[in-house]
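A short write-up of the structure that comes next.
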Amino acid sequence: MHLSSFFVLLGVATIASALSSNLTQVKDFGPNPRNVSMYIYVPKTLAAKPPIMVVPHWCHGSAQDAFNGRPYASLGDTYGFISIYPDSPNTVDKCWDVSSNQSLTHNGGGDALGIVSMVRWTLDKYGGDKDRVFVTGTSSGAMMTNVLLGSYPDVFAAGSAWAGVAFGCFAGNGFDVWNDACATGKIIKNGTEWADMVKNAYPGYKGFRPKLQVFHGTADTVLYPQNLKEEIKEWTGVFGVSTTPTETTKDTPLPGWTKYKYGKRFEAYEAAGVSHDIPNQADVVMNWFDLKCKEDACYSRKSDK
C-alpha cells in the first residue's frame with residue numbers, strides 16, 4: 001500500500017517486561033483471529049474508573065511509533081487514563097485490515113475484533129470505565145477509527161479520525177486490500193447508502209452511537225479530499241442530521257482550518273493546503289473525548305443520550 005510512513009520501529013516485549021517508557025506487550029487477551037499485537041501504557045496513578053484510549057498506528061508504522069509520536073501516554077500520567085497501542089499483523093506495509101467483511105461486521109473477526117478484545121481485557125483487568133472508551137488514529141489508523149465506531153458502537157464512546165476514509169470505503173475481497181478507487185475519491189455514495197453500510201455492520205442494533213470528529217487536508221494526494229465529503233455524508237446519515245452545518249468556525253484549531261459542526265455528535269475539519277501528513281492536535285482530541293474533566297462531570301456514553 002501507499003500510505004505515507006512516519007517512523008519505522010517495532011517493539012517487542014512481554015507483559016512482565018517493558019519497552020521504552022513502560023510500553024508493555026500483553027498476550028492472550030481474548031479472541032484475536034488475525035494475531036494483532038497488543039501494547040499498553042498504564043500510568044502509575046489511575047483514575048478511579050480509568051477511561052481507555054486506543055491509538056492505532058498509520059501504515060508503515062508500529063505500536064511503538066504511535067506511542068512515541070503521540071503524547072497520550074504522558075497525558076495519561078496527568079489525567080489517569082490508559083492508552084492501548086495495537087500493532088498490525090500485516091508485515092508487508094503494516095496497514096490495518098479495514099477492507100474485510102470480518103472487520104466490517106460486529107464480532108465478525110479481522111483486525112477490528114482483535115483490537116476490541118484488547119479493550120475488553122483492559123476494562124476487566126483495570127476496572128476501566130466501559131462508558132468512556134475512545135479511539136483516535138491518523139491515516140490507516142483513522143480508517144480503523146471509522147471501522148471500530150461502525151462495527152462496535154456498543155464499545156466506544158467517541159472517535160477522532162485524522163486523514164482517513166468513510167467506514168466501508170475500502171471494502172474488498174481480503175484482509176489487506178488497497179482500494180485505489182476509494183483512495184482517489186472515486187467511491188461516491190449518498191448519505192443513505194453510506195449510513196446503511198454502517199448500520200448493516202451490526203444488524204438490529206438500536207443503541208448508542210459514538211460521536212466522531214474527522215479531519216482532512218485539502219492537498220491530500222494519498223487519500224483524496226473527496227473522502228472527507230464522503231465521511232460527512234456517511235456520519236450525518238448515521239446520526240440522522242442534515243449535511244448542512246449547524247455551525248462553521250474559521251481558523252480553528254490552526255489558521256486555514258475550518259470546523260463544521262453537524263449537531264452535537266459529529267464535526268468535520270477541513271485543513272486548507274494541508275497534505276496527508278496532517279499535524280495531529282492532541283488538545284483537540286483530548287477536549288473532544290473530555291479527558292481533562294472532573295470525575296463528576298465527564299463525557300460518557302451515559303451522559304450523551
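Each chain of the C-alpha cells is named A, B, ... in the order shown, its residues numbered from 1; ligands are numbered from 1 in display order.
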Exercise for review: Report as a ChimeraX atom specification: the residues of range 38-241 of chain A with a DSSP assignment of helix (DSSP H, G or I), based on the backbone of this structure.
Suggested key: /A:63-69,72-79,110-126,140-151,180-183,191-200,226-239
Point to revise | Lys294 in chain A surroundings by only C-alpha atoms, 12 Å radius, close-in-sequence under 5 positions cut, as a list in words | key: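 Contacts, in chain order: Ala47, Ala48, Tyr79, Gly80 and Tyr299 of chain A.
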Review point. Out of range 40-199 of chain A, which residues get strand (DSSP E) from DSSP, as a ChimeraX atom specification?
Key: /A:40-41,52-54,82-87,133-138,158-162
Within 8 Å of range 83-90 of chain A, counting only C-alpha atoms, which residues show up once you throw out same-chain ones fewer than 6 positions away? Write them as a PDB file with N, CA, C and O atoms, in the first residue's frame, please.
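Saved file selection-v2.pdb follows:
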ATOM      1  N   ARG A  34      -6.612 -12.570  13.808  1.00  0.00           N
ATOM      2  CA  ARG A  34      -5.564 -12.101  12.886  1.00  0.00           C
ATOM      3  C   ARG A  34      -4.215 -11.923  13.585  1.00  0.00           C
ATOM      4  O   ARG A  34      -3.248 -11.508  12.966  1.00  0.00           O
ATOM      5  N   ASN A  35      -4.153 -12.242  14.861  1.00  0.00           N
ATOM      6  CA  ASN A  35      -2.906 -12.139  15.617  1.00  0.00           C
ATOM      7  C   ASN A  35      -2.382 -10.701  15.665  1.00  0.00           C
ATOM      8  O   ASN A  35      -1.185 -10.438  15.498  1.00  0.00           O
ATOM      9  N   VAL A  36      -3.267  -9.756  15.938  1.00  0.00           N
ATOM     10  CA  VAL A  36      -2.861  -8.367  16.184  1.00  0.00           C
ATOM     11  C   VAL A  36      -2.127  -8.318  17.520  1.00  0.00           C
ATOM     12  O   VAL A  36      -2.555  -8.951  18.487  1.00  0.00           O
ATOM     13  N   SER A  37      -1.022  -7.593  17.577  1.00  0.00           N
ATOM     14  CA  SER A  37      -0.263  -7.484  18.823  1.00  0.00           C
ATOM     15  C   SER A  37      -0.801  -6.334  19.675  1.00  0.00           C
ATOM     16  O   SER A  37      -1.169  -5.284  19.155  1.00  0.00           O
ATOM     17  N   MET A  38      -0.809  -6.551  20.979  1.00  0.00           N
ATOM     18  CA  MET A  38      -1.314  -5.545  21.914  1.00  0.00           C
ATOM     19  C   MET A  38      -0.194  -4.976  22.770  1.00  0.00           C
ATOM     20  O   MET A  38       0.553  -5.721  23.413  1.00  0.00           O
ATOM     21  N   TYR A  39      -0.095  -3.666  22.779  1.00  0.00           N
ATOM     22  CA  TYR A  39       0.819  -2.953  23.675  1.00  0.00           C
ATOM     23  C   TYR A  39      -0.004  -1.942  24.468  1.00  0.00           C
ATOM     24  O   TYR A  39      -0.969  -1.367  23.949  1.00  0.00           O
ATOM     25  N   ILE A  40       0.389  -1.741  25.705  1.00  0.00           N
ATOM     26  CA  ILE A  40      -0.432  -0.917  26.588  1.00  0.00           C
ATOM     27  C   ILE A  40       0.458  -0.021  27.449  1.00  0.00           C
ATOM     28  O   ILE A  40       1.596  -0.391  27.785  1.00  0.00           O
ATOM     29  N   TYR A  41      -0.070   1.153  27.766  1.00  0.00           N
ATOM     30  CA  TYR A  41       0.595   2.028  28.729  1.00  0.00           C
ATOM     31  C   TYR A  41      -0.368   2.293  29.873  1.00  0.00           C
ATOM     32  O   TYR A  41      -1.479   2.809  29.662  1.00  0.00           O
ATOM     33  N   VAL A  42       0.043   1.927  31.069  1.00  0.00           N
ATOM     34  CA  VAL A  42      -0.777   2.108  32.267  1.00  0.00           C
ATOM     35  C   VAL A  42      -0.056   3.078  33.201  1.00  0.00           C
ATOM     36  O   VAL A  42       1.017   2.766  33.709  1.00  0.00           O
ATOM     37  N   ILE A  52     -10.242   4.650  28.695  1.00  0.00           N
ATOM     38  CA  ILE A  52      -9.286   3.951  27.836  1.00  0.00           C
ATOM     39  C   ILE A  52      -9.245   4.636  26.475  1.00  0.00           C
ATOM     40  O   ILE A  52     -10.294   4.929  25.886  1.00  0.00           O
ATOM     41  N   MET A  53      -8.040   4.901  25.980  1.00  0.00           N
ATOM     42  CA  MET A  53      -7.867   5.444  24.637  1.00  0.00           C
ATOM     43  C   MET A  53      -7.081   4.443  23.789  1.00  0.00           C
ATOM     44  O   MET A  53      -6.000   4.000  24.168  1.00  0.00           O
ATOM     45  N   VAL A  54      -7.635   4.083  22.628  1.00  0.00           N
ATOM     46  CA  VAL A  54      -6.977   3.200  21.676  1.00  0.00           C
ATOM     47  C   VAL A  54      -6.336   4.067  20.589  1.00  0.00           C
ATOM     48  O   VAL A  54      -6.982   4.978  20.053  1.00  0.00           O
ATOM     49  N   VAL A  55      -5.067   3.782  20.259  1.00  0.00           N
ATOM     50  CA  VAL A  55      -4.321   4.608  19.307  1.00  0.00           C
ATOM     51  C   VAL A  55      -3.727   3.713  18.212  1.00  0.00           C
ATOM     52  O   VAL A  55      -2.544   3.342  18.265  1.00  0.00           O
ATOM     53  N   PRO A  56      -4.508   3.331  17.205  1.00  0.00           N
ATOM     54  CA  PRO A  56      -3.960   2.515  16.117  1.00  0.00           C
ATOM     55  C   PRO A  56      -2.997   3.331  15.242  1.00  0.00           C
ATOM     56  O   PRO A  56      -3.263   4.482  14.924  1.00  0.00           O
ATOM     57  N   HIS A  57      -1.885   2.723  14.890  1.00  0.00           N
ATOM     58  CA  HIS A  57      -0.848   3.421  14.136  1.00  0.00           C
ATOM     59  C   HIS A  57      -1.207   3.585  12.659  1.00  0.00           C
ATOM     60  O   HIS A  57      -2.205   3.057  12.168  1.00  0.00           O
ATOM     61  N   SER A  62       4.134   1.472  13.634  1.00  0.00           N
ATOM     62  CA  SER A  62       4.034   0.402  14.633  1.00  0.00           C
ATOM     63  C   SER A  62       3.410   0.957  15.903  1.00  0.00           C
ATOM     64  O   SER A  62       3.214   2.167  16.047  1.00  0.00           O
ATOM     65  N   ALA A  63       3.134   0.060  16.834  1.00  0.00           N
ATOM     66  CA  ALA A  63       2.638   0.489  18.143  1.00  0.00           C
ATOM     67  C   ALA A  63       3.635   1.433  18.802  1.00  0.00           C
ATOM     68  O   ALA A  63       3.264   2.459  19.376  1.00  0.00           O
ATOM     69  N   GLN A  64       4.914   1.091  18.712  1.00  0.00           N
ATOM     70  CA  GLN A  64       5.940   1.935  19.326  1.00  0.00           C
ATOM     71  C   GLN A  64       5.968   3.321  18.692  1.00  0.00           C
ATOM     72  O   GLN A  64       6.146   4.340  19.379  1.00  0.00           O
ATOM     73  N   ALA A  66       3.418   4.932  17.280  1.00  0.00           N
ATOM     74  CA  ALA A  66       2.255   5.685  17.749  1.00  0.00           C
ATOM     75  C   ALA A  66       2.477   6.160  19.184  1.00  0.00           C
ATOM     76  O   ALA A  66       2.116   7.282  19.547  1.00  0.00           O
ATOM     77  N   PHE A  67       3.078   5.311  19.996  1.00  0.00           N
ATOM     78  CA  PHE A  67       3.405   5.667  21.374  1.00  0.00           C
ATOM     79  C   PHE A  67       4.391   6.837  21.417  1.00  0.00           C
ATOM     80  O   PHE A  67       4.220   7.792  22.179  1.00  0.00           O
ATOM     81  N   TYR A  72      -0.151  10.808  24.211  1.00  0.00           N
ATOM     82  CA  TYR A  72      -1.252  10.345  25.043  1.00  0.00           C
ATOM     83  C   TYR A  72      -0.791   9.577  26.286  1.00  0.00           C
ATOM     84  O   TYR A  72      -1.498   9.547  27.296  1.00  0.00           O
ATOM     85  N   ALA A  73       0.387   8.961  26.225  1.00  0.00           N
ATOM     86  CA  ALA A  73       0.879   8.293  27.432  1.00  0.00           C
ATOM     87  C   ALA A  73       1.190   9.307  28.531  1.00  0.00           C
ATOM     88  O   ALA A  73       0.777   9.143  29.681  1.00  0.00           O
ATOM     89  N   GLY A  76      -1.882  10.624  29.847  1.00  0.00           N
ATOM     90  CA  GLY A  76      -2.472   9.643  30.745  1.00  0.00           C
ATOM     91  C   GLY A  76      -1.886   9.725  32.142  1.00  0.00           C
ATOM     92  O   GLY A  76      -2.580   9.521  33.136  1.00  0.00           O
ATOM     93  N   TRP A  96      -3.724  -1.402   8.377  1.00  0.00           N
ATOM     94  CA  TRP A  96      -4.775  -2.126   9.077  1.00  0.00           C
ATOM     95  C   TRP A  96      -5.748  -2.788   8.115  1.00  0.00           C
ATOM     96  O   TRP A  96      -5.963  -2.300   6.997  1.00  0.00           O
ATOM     97  N   ASP A 111      -8.949  -7.595  12.054  1.00  0.00           N
ATOM     98  CA  ASP A 111      -8.173  -6.788  12.995  1.00  0.00           C
ATOM     99  C   ASP A 111      -9.066  -6.095  14.017  1.00  0.00           C
ATOM    100  O   ASP A 111      -8.680  -5.899  15.171  1.00  0.00           O
ATOM    101  N   ILE A 115      -8.625  -5.813  18.195  1.00  0.00           N
ATOM    102  CA  ILE A 115      -8.491  -4.561  18.939  1.00  0.00           C
ATOM    103  C   ILE A 115      -9.569  -4.447  20.015  1.00  0.00           C
ATOM    104  O   ILE A 115      -9.300  -4.027  21.149  1.00  0.00           O
ATOM    105  N   MET A 118      -8.721  -6.324  23.027  1.00  0.00           N
ATOM    106  CA  MET A 118      -7.777  -5.588  23.872  1.00  0.00           C
ATOM    107  C   MET A 118      -8.528  -4.670  24.833  1.00  0.00           C
ATOM    108  O   MET A 118      -8.191  -4.571  26.024  1.00  0.00           O
ATOM    109  N   VAL A 119      -9.529  -4.000  24.307  1.00  0.00           N
ATOM    110  CA  VAL A 119     -10.333  -3.098  25.133  1.00  0.00           C
ATOM    111  C   VAL A 119     -11.051  -3.882  26.230  1.00  0.00           C
ATOM    112  O   VAL A 119     -11.026  -3.504  27.410  1.00  0.00           O
ATOM    113  N   ASP A 176      -6.047  -7.360   3.470  1.00  0.00           N
ATOM    114  CA  ASP A 176      -5.082  -6.272   3.284  1.00  0.00           C
ATOM    115  C   ASP A 176      -5.205  -5.708   1.876  1.00  0.00           C
ATOM    116  O   ASP A 176      -4.279  -5.788   1.056  1.00  0.00           O
TER     117      ASP A 176
END
Practice item. Rank A:Gln102, A:Ser151, A:Thr221, A:Ser160 by their smallest atom-to-atom distance to Val274 in chain A, using only C-alpha atoms, and report the top residue only. Key: A:Thr221
Point to revise | CA of Ile278 in chain A to CA of Cys169 in chain A, straight-line distance in Å | key: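 CA of Ile278 in chain A lies at a distance of 20.2 Å from CA of Cys169 in chain A.
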Please report, as a tab-separated table, each residue of range 154-185 of chain A lying at most 6 Å from range 222-225 of chain A, together with the nearest pair of atoms and the separation in Å rounded to one decimal; use only C-alpha atoms, and order rows by chain and ascending residue number.
residue	atom	partner	partner_atom	distance
A:Ala183	CA	A:Leu223	CA	4.6
A:Thr184	CA	A:Tyr224	CA	5.1
A:Gly185	CA	A:Tyr224	CA	5.4
Point to revise | Pick from A:Gly137, A:Ala142, A:Asp196, A:Cys298 nearest to Lys49 in chain A, counting only C-alpha atoms | key: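 Ranking A:Gly137, A:Ala142, A:Asp196, A:Cys298 by distance to Lys49 in chain A, first place goes to A:Cys298.
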Review point. Which residues come within 10 Å of Gln281 in chain A, counting only C-alpha atoms, excluding same-chain residues fewer than 5 positions away, as a PyMOL selection string?
Key: chain A and resi 70-71+162+253-254+286
Would you mind exporting C-alpha atoms of the selected residues as a PDB file, in the first residue's frame?
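Written file, again.pdb:
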ATOM      1  CA  ARG A  70       1.606  10.992  20.155  1.00  0.00           C
ATOM      2  CA  PRO A  71       1.578  12.461  23.687  1.00  0.00           C
ATOM      3  CA  TRP A 162      -7.214  12.200  11.008  1.00  0.00           C
ATOM      4  CA  PRO A 253      -7.583  24.908  15.662  1.00  0.00           C
ATOM      5  CA  LEU A 254      -4.982  26.333  13.240  1.00  0.00           C
ATOM      6  CA  MET A 286      -8.495  15.454  24.467  1.00  0.00           C
TER       7      MET A 286
END
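Taking CA of Trp121 in chain A as the reference point, CA of Phe29 in chain A is found at 5.7 Å.
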